[in-house]
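A.B. asks: Structure: run.cif, mmCIF, C-alpha atoms.
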```
data_protein
loop_
_atom_site.label_atom_id
_atom_site.label_comp_id
_atom_site.auth_asym_id
_atom_site.auth_seq_id
_atom_site.Cartn_x
_atom_site.Cartn_y
_atom_site.Cartn_z
CA LYS R 1 0.00 0.00 0.00
CA ALA R 2 1.17 3.52 -0.72
CA GLY R 3 1.84 5.60 2.36
CA VAL R 4 0.38 8.93 3.37
CA THR R 5 1.38 11.67 0.97
CA GLN R 6 1.43 15.39 1.58
CA THR R 7 1.83 18.23 -0.85
CA PRO R 8 3.62 20.49 -1.10
CA ARG R 9 6.61 19.39 0.94
CA TYR R 10 7.96 22.90 1.40
CA LEU R 11 6.28 26.25 1.23
CA ILE R 12 7.34 29.83 1.82
CA LYS R 13 4.63 32.43 2.33
CA THR R 14 4.39 36.02 3.44
CA ARG R 15 2.49 37.30 6.44
CA GLY R 16 -1.14 37.93 5.64
CA GLN R 17 -1.32 35.39 2.84
CA GLN R 18 -3.27 32.18 2.99
CA VAL R 19 -2.14 28.64 2.31
CA THR R 20 -3.73 25.30 1.51
CA LEU R 21 -2.04 22.02 2.30
CA SER R 22 -3.11 18.66 0.96
CA CYS R 23 -3.02 15.17 2.41
CA SER R 24 -3.82 11.85 0.72
CA PRO R 25 -4.36 9.08 3.27
CA ILE R 26 -3.64 5.41 2.90
CA SER R 27 -6.26 3.73 0.74
CA GLY R 28 -9.19 2.60 2.85
CA HIS R 29 -8.42 4.87 5.80
CA ARG R 30 -11.33 7.05 6.80
CA SER R 31 -9.72 9.23 9.43
CA VAL R 32 -7.32 12.05 8.69
CA SER R 33 -5.82 14.12 11.47
CA TRP R 34 -3.69 17.22 11.21
CA TYR R 35 -0.93 18.26 13.58
CA GLN R 36 1.33 21.26 13.90
CA GLN R 37 4.85 20.53 15.05
CA THR R 38 7.20 23.23 16.31
CA PRO R 39 10.36 22.93 18.40
CA GLY R 40 8.80 24.78 21.30
CA GLN R 41 5.29 23.33 21.34
CA GLY R 42 5.81 19.78 20.16
CA LEU R 43 2.98 18.01 18.33
CA GLN R 44 -0.24 19.96 18.60
CA PHE R 45 -3.52 18.48 17.41
CA LEU R 46 -5.35 20.67 14.92
CA PHE R 47 -8.39 18.64 13.87
CA GLU R 48 -9.59 15.25 12.79
CA TYR R 49 -11.86 14.38 9.91
CA PHE R 50 -13.72 11.12 9.61
CA SER R 51 -15.97 10.30 6.68
CA GLU R 52 -15.99 13.95 5.57
CA THR R 53 -17.05 15.23 9.01
CA GLN R 54 -14.88 17.13 11.45
CA ARG R 55 -14.94 15.00 14.55
CA ASN R 56 -12.55 16.80 16.85
CA LYS R 57 -10.80 20.13 16.93
CA GLY R 58 -7.78 21.31 18.85
CA ASN R 59 -7.21 24.67 20.44
CA PHE R 60 -6.32 26.71 17.37
CA PRO R 61 -7.84 29.97 16.09
CA GLY R 62 -10.48 30.00 13.39
CA ARG R 63 -7.83 30.91 10.81
CA PHE R 64 -7.08 27.19 10.72
CA SER R 65 -9.69 25.17 8.88
CA GLY R 66 -9.93 21.94 7.00
CA ARG R 67 -12.10 19.64 5.04
CA GLN R 68 -12.23 16.07 3.83
CA PHE R 69 -13.47 14.86 0.49
CA SER R 70 -15.45 11.75 -0.35
CA ASN R 71 -12.24 9.93 -1.33
CA SER R 72 -10.86 10.71 2.17
CA ARG R 73 -8.29 13.17 0.85
CA SER R 74 -8.04 16.15 3.13
CA GLU R 75 -6.97 19.75 2.91
CA MET R 76 -6.18 22.25 5.57
CA ASN R 77 -6.22 25.97 5.08
CA VAL R 78 -4.58 28.71 7.07
CA SER R 79 -5.72 32.25 6.36
CA THR R 80 -4.02 35.51 7.26
CA LEU R 81 -0.72 33.85 7.98
CA GLU R 82 1.35 34.96 10.96
CA LEU R 83 5.04 34.45 11.64
CA GLY R 84 4.14 32.03 14.41
CA ASP R 85 2.46 29.71 11.92
CA SER R 86 5.87 28.63 10.66
CA ALA R 87 5.98 24.94 11.46
CA LEU R 88 5.95 21.42 10.14
CA TYR R 89 2.37 20.39 9.39
CA LEU R 90 1.80 16.67 9.60
CA CYS R 91 -1.20 14.71 8.61
CA ALA R 92 -1.92 11.19 9.78
CA SER R 93 -4.42 8.64 8.59
CA SER R 94 -6.05 5.79 10.44
CA PRO R 95 -8.63 3.12 9.57
CA GLN R 96 -10.89 4.40 12.34
CA LEU R 97 -10.91 7.35 14.72
CA ALA R 98 -7.51 8.53 15.91
CA GLY R 99 -6.62 6.84 19.15
CA GLN R 100 -8.45 3.63 18.40
CA TYR R 101 -5.89 2.41 15.92
CA GLU R 102 -2.36 3.34 14.99
CA GLN R 103 -1.88 6.46 12.95
CA TYR R 104 0.27 6.60 9.87
CA PHE R 105 1.99 9.92 9.37
CA GLY R 106 2.91 11.61 6.16
CA PRO R 107 6.29 13.31 5.61
CA GLY R 108 4.83 16.72 6.44
CA THR R 109 4.73 20.13 4.83
CA ARG R 110 7.34 22.57 6.08
CA LEU R 111 5.73 26.02 6.08
CA THR R 112 7.85 29.11 6.51
CA VAL R 113 6.13 32.45 6.95
CA THR R 114 8.26 35.55 6.36
CA GLY T 1 -6.88 21.20 30.78
CA GLN T 2 -5.85 17.71 29.91
CA GLN T 3 -2.12 17.28 29.71
CA VAL T 4 0.15 14.42 28.91
CA MET T 5 3.64 14.92 30.26
CA GLN T 6 6.85 13.06 29.58
CA ILE T 7 10.13 12.91 31.45
CA PRO T 8 12.90 13.36 30.84
CA GLN T 9 12.83 15.93 28.07
CA TYR T 10 16.29 14.90 26.89
CA GLN T 11 18.46 11.88 27.57
CA HIS T 12 22.01 11.26 26.48
CA VAL T 13 23.30 7.73 26.92
CA GLN T 14 26.37 5.77 25.94
CA GLU T 15 25.71 2.99 23.46
CA GLY T 16 24.89 -0.15 25.38
CA GLU T 17 23.28 1.65 28.32
CA ASP T 18 19.60 1.32 29.10
CA PHE T 19 17.05 4.10 28.62
CA THR T 20 13.61 4.77 30.08
CA THR T 21 11.07 7.46 29.33
CA TYR T 22 7.96 8.05 31.43
CA CYS T 23 4.59 9.33 30.36
CA ASN T 24 2.07 10.75 32.83
CA SER T 25 -1.47 11.92 32.29
CA SER T 26 -3.58 14.05 34.59
CA THR T 27 -6.61 11.90 33.79
CA THR T 28 -7.26 8.31 32.89
CA LEU T 29 -6.40 7.35 29.33
CA SER T 30 -8.56 4.92 27.39
CA ASN T 31 -5.41 3.60 25.79
CA ILE T 32 -1.88 4.78 25.07
CA GLN T 33 0.22 4.72 21.96
CA TRP T 34 3.95 5.23 21.50
CA TYR T 35 5.61 6.75 18.48
CA LYS T 36 9.22 7.30 17.44
CA GLN T 37 10.39 10.19 15.31
CA ARG T 38 13.86 10.07 13.86
CA PRO T 39 15.63 13.41 13.25
CA GLY T 40 14.19 14.93 10.10
CA GLY T 41 11.50 12.29 9.88
CA HIS T 42 7.89 11.85 10.85
CA PRO T 43 6.40 9.96 13.81
CA VAL T 44 6.18 6.22 13.34
CA PHE T 45 3.84 4.07 15.40
CA LEU T 46 5.51 1.65 17.79
CA ILE T 47 2.78 0.11 19.90
CA GLN T 48 -0.61 0.51 21.56
CA LEU T 49 -1.47 -0.51 25.12
CA VAL T 50 -5.07 -0.86 26.18
CA LYS T 51 -5.38 -2.84 29.39
CA SER T 52 -4.53 -1.70 32.88
CA GLY T 53 -1.11 -3.07 33.87
CA GLU T 54 -0.38 -4.27 30.36
CA VAL T 55 3.24 -5.02 29.42
CA LYS T 56 4.40 -5.55 25.86
CA LYS T 57 7.83 -6.25 24.44
CA GLN T 58 9.35 -5.61 21.07
CA LYS T 59 12.88 -6.97 20.97
CA ARG T 60 14.85 -4.56 23.20
CA LEU T 61 11.83 -2.32 23.89
CA THR T 62 9.48 -2.90 26.82
CA PHE T 63 6.27 -0.91 27.19
CA GLN T 64 4.12 -0.70 30.30
CA PHE T 65 0.71 0.78 31.00
CA GLY T 66 0.05 1.69 34.61
CA GLU T 67 -2.59 0.06 36.75
CA ALA T 68 -4.52 3.32 36.99
CA LYS T 69 -4.15 3.91 33.23
CA LYS T 70 -2.63 7.31 33.92
CA ASN T 71 1.00 6.54 33.23
CA SER T 72 3.17 4.52 30.93
CA SER T 73 6.82 3.83 30.33
CA LEU T 74 9.08 2.79 27.52
CA HIS T 75 12.32 1.02 28.40
CA ILE T 76 15.08 0.28 25.92
CA THR T 77 17.69 -2.26 26.89
CA ALA T 78 21.25 -1.89 25.60
CA THR T 79 20.66 1.14 23.39
CA GLN T 80 22.05 1.29 19.88
CA THR T 81 22.72 4.29 17.65
CA THR T 82 19.65 3.33 15.64
CA ASP T 83 17.53 4.14 18.71
CA VAL T 84 18.28 7.86 18.32
CA GLY T 85 15.15 9.97 18.00
CA THR T 86 12.27 11.45 19.91
CA TYR T 87 9.82 9.12 21.61
CA PHE T 88 6.25 10.32 22.05
CA CYS T 89 3.42 8.87 24.03
CA ALA T 90 -0.12 9.74 23.02
CA GLY T 91 -3.63 8.92 24.03
CA VAL T 92 -7.24 9.93 24.34
CA PRO T 93 -8.16 11.07 27.83
CA GLY T 94 -11.10 9.22 29.29
CA ASN T 95 -13.17 12.38 29.54
CA GLY T 96 -12.17 13.86 26.19
CA GLN T 97 -12.04 13.08 22.55
CA ASN T 98 -8.93 14.71 21.17
CA PHE T 99 -5.86 12.59 20.63
CA VAL T 100 -3.15 14.20 22.77
CA PHE T 101 0.59 13.80 22.33
CA GLY T 102 3.12 14.18 25.08
CA PRO T 103 6.01 16.59 24.47
CA GLY T 104 8.39 13.73 23.75
CA THR T 105 11.74 12.54 25.06
CA ARG T 106 14.70 13.13 22.80
CA LEU T 107 17.23 10.32 23.00
CA SER T 108 20.84 10.69 21.93
CA VAL T 109 23.09 7.65 21.85
CA LEU T 110 26.82 8.19 21.88
CA PRO T 111 28.82 5.48 20.08
#
```
Translate this structure into structure tokens?
C.D. replies:
Amino acid sequence: KAGVTQTPRYLIKTRGQQVTLSCSPISGHRSVSWYQQTPGQGLQFLFEYFSETQRNKGNFPGRFSGRQFSNSRSEMNVSTLELGDSALYLCASSPQLAGQYEQYFGPGTRLTVT
Amino acid sequence: GQQVMQIPQYQHVQEGEDFTTYCNSSTTLSNIQWYKQRPGGHPVFLIQLVKSGEVKKQKRLTFQFGEAKKNSSLHITATQTTDVGTYFCAGVPGNGQNFVFGPGTRLSVLP
């Protein structure tokens, strides 16, 4: 089976811009979760989508949003970018809800905001 | 709020020495998972523990889930340079729904 893929792998944006990141889960996986990873804050949960519905949401401002399509592919969007949004954004897929089964992580998208 | 803590934050060991990282939650966890992230890589699932007091082994790695399901540990016997990385515990608190990761323990192994 192909692993979790994320595009793009690297991205440089300017403050105030918006960005959309994409995640393709492992075939057959219905859950996609997004995480923000920074050196200071570790792995922070953003949200989880399961069968096109947002099931859980972490403690992030409304500028962070996401969606999941019928083929389980997911996108996350960050509007009005701030310098502090610079991070590695990881998505993870799982056959069922995160926490019930192991999660498979993608390689991440490294976002730099200047 | 719900927090999952890990100690130590960093650990430097000589190759061949043992290593242990501890994970503690403020509330009961329904289960606990452990992940390893190599430098420059992404987290990779190691194991899941579900039952109170459960112990599982994977070669040189031993995982334990506390009786109260609030803590867990990962012990590596005779570390090797391939063990280098950050080890995260993660779980869903019994009264919550979000999957929470601990801050991780970064292991360095000196040859």
A.B. asks: Which of these residues is nearest to Thr38 in chain R, using all atoms listed in the file: R:Ala98, R:Leu81, R:Leu11, R:Leu88?
C.D. replies: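 The closest residue to Thr38 in chain R is R:Leu88.
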A.B. asks: Compute the chain R side of the contact with chain T at 7 Å, counting only C-alpha atoms, and hand it back as a list in words.
C.D. replies: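 So the residues of chain R near chain T are Gly42, Leu43, Phe45, Asn56, Ala98, Gly99, Glu102, Gln103, Tyr104, Phe105, Gly106 and Pro107 of chain R.
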A.B. asks: Grab the residues selected above and save them as a tab-separated table (two decimals), in the coordinates of the input with C-alpha atoms.
C.D. replies:
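See result13.tsv below for the written result:
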```tsv
chain	number	residue	atom	x	y	z
R	42	GLY	CA	5.81	19.78	20.16
R	43	LEU	CA	2.98	18.01	18.33
R	45	PHE	CA	-3.52	18.48	17.41
R	56	ASN	CA	-12.55	16.80	16.85
R	98	ALA	CA	-7.51	8.53	15.91
R	99	GLY	CA	-6.62	6.84	19.15
R	102	GLU	CA	-2.36	3.34	14.99
R	103	GLN	CA	-1.88	6.46	12.95
R	104	TYR	CA	0.27	6.60	9.87
R	105	PHE	CA	1.99	9.92	9.37
R	106	GLY	CA	2.91	11.61	6.16
R	107	PRO	CA	6.29	13.31	5.61
```
A.B. asks: Just give me the gap between CA of Leu46 in chain R and CA of Ala87 in chain R in Å, one decimal is fine.
C.D. replies: 12.6 Å
A.B. asks: Which centre and which edge lengths, in Å to one decimal, describe the axis-aligned box that holds all listed atoms of range 35-45 of chain R after 6 Å is added on each side, as lines of an AutoDock Vina configuration file?
C.D. replies:
```
center_x = 3.4
center_y = 21.4
center_z = 17.5
size_x = 25.9
size_y = 18.8
size_z = 19.8
```
A.B. asks: Give the answer as one residue: which of R:Val19, R:Ala2, R:Leu111, R:Leu90 has the shortest atom-to-atom distance to Gln37 in chain R, using all atoms listed in the file?
C.D. replies: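 When distances to Gln37 in chain R are compared using all atoms listed in the file, the smallest one comes from R:Leu90.
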A.B. asks: In Å to one decimal, how far is CA of Asn24 in chain T from CA of Gln36 in chain R?
C.D. replies: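 These atoms are spaced 21.7 Å apart.
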A.B. asks: With only C-alpha atoms counted, which protein, DNA or RNA residues have an atom no more than 7 Å from (8.1, -0.8, 28.3) in the file frame? Please answer as a list in words.
C.D. replies: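 Those within range, by chain then number, are Val55, Lys56, Lys57, Leu61, Thr62, Phe63, Gln64, Ser73, Leu74 and His75 of chain T.
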A.B. asks: Output C-alpha atoms for every residue in that selection, as a PDB file, keeping the file's coordinate frame.
C.D. replies:
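selection.pdb, written as the output of this step:
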```
ATOM      1  CA  VAL T  55       3.240  -5.020  29.420  1.00  0.00           C
ATOM      2  CA  LYS T  56       4.400  -5.550  25.860  1.00  0.00           C
ATOM      3  CA  LYS T  57       7.830  -6.250  24.440  1.00  0.00           C
ATOM      4  CA  LEU T  61      11.830  -2.320  23.890  1.00  0.00           C
ATOM      5  CA  THR T  62       9.480  -2.900  26.820  1.00  0.00           C
ATOM      6  CA  PHE T  63       6.270  -0.910  27.190  1.00  0.00           C
ATOM      7  CA  GLN T  64       4.120  -0.700  30.300  1.00  0.00           C
ATOM      8  CA  SER T  73       6.820   3.830  30.330  1.00  0.00           C
ATOM      9  CA  LEU T  74       9.080   2.790  27.520  1.00  0.00           C
ATOM     10  CA  HIS T  75      12.320   1.020  28.400  1.00  0.00           C
TER      11      HIS T  75
END
```
A.B. asks: Which polymer residues have any atom within 6 Å of an atom of Ile76 in chain T, counting all atoms listed in the file, with same-chain residues fewer than 4 positions away left out, as a PyMOL selection string?
C.D. replies: chain T and resi 18-19+60-61
A.B. asks: May I have the residues within 12 Å of Gln6 in chain R as a PyMOL selection string, using all atoms listed in the file and disregarding those fewer than 4 positions away in the same chain?
C.D. replies: (chain R and resi 10-11+20-26+32+34+73-76+88-93+105-110) or (chain T and resi 42)
A.B. asks: Which value, in Å to one decimal, gives the distance between CA of Gln18 in chain R and CA of Val113 in chain R?
C.D. replies: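 One can read the CA of Gln18 in chain R to CA of Val113 in chain R distance as 10.2 Å.
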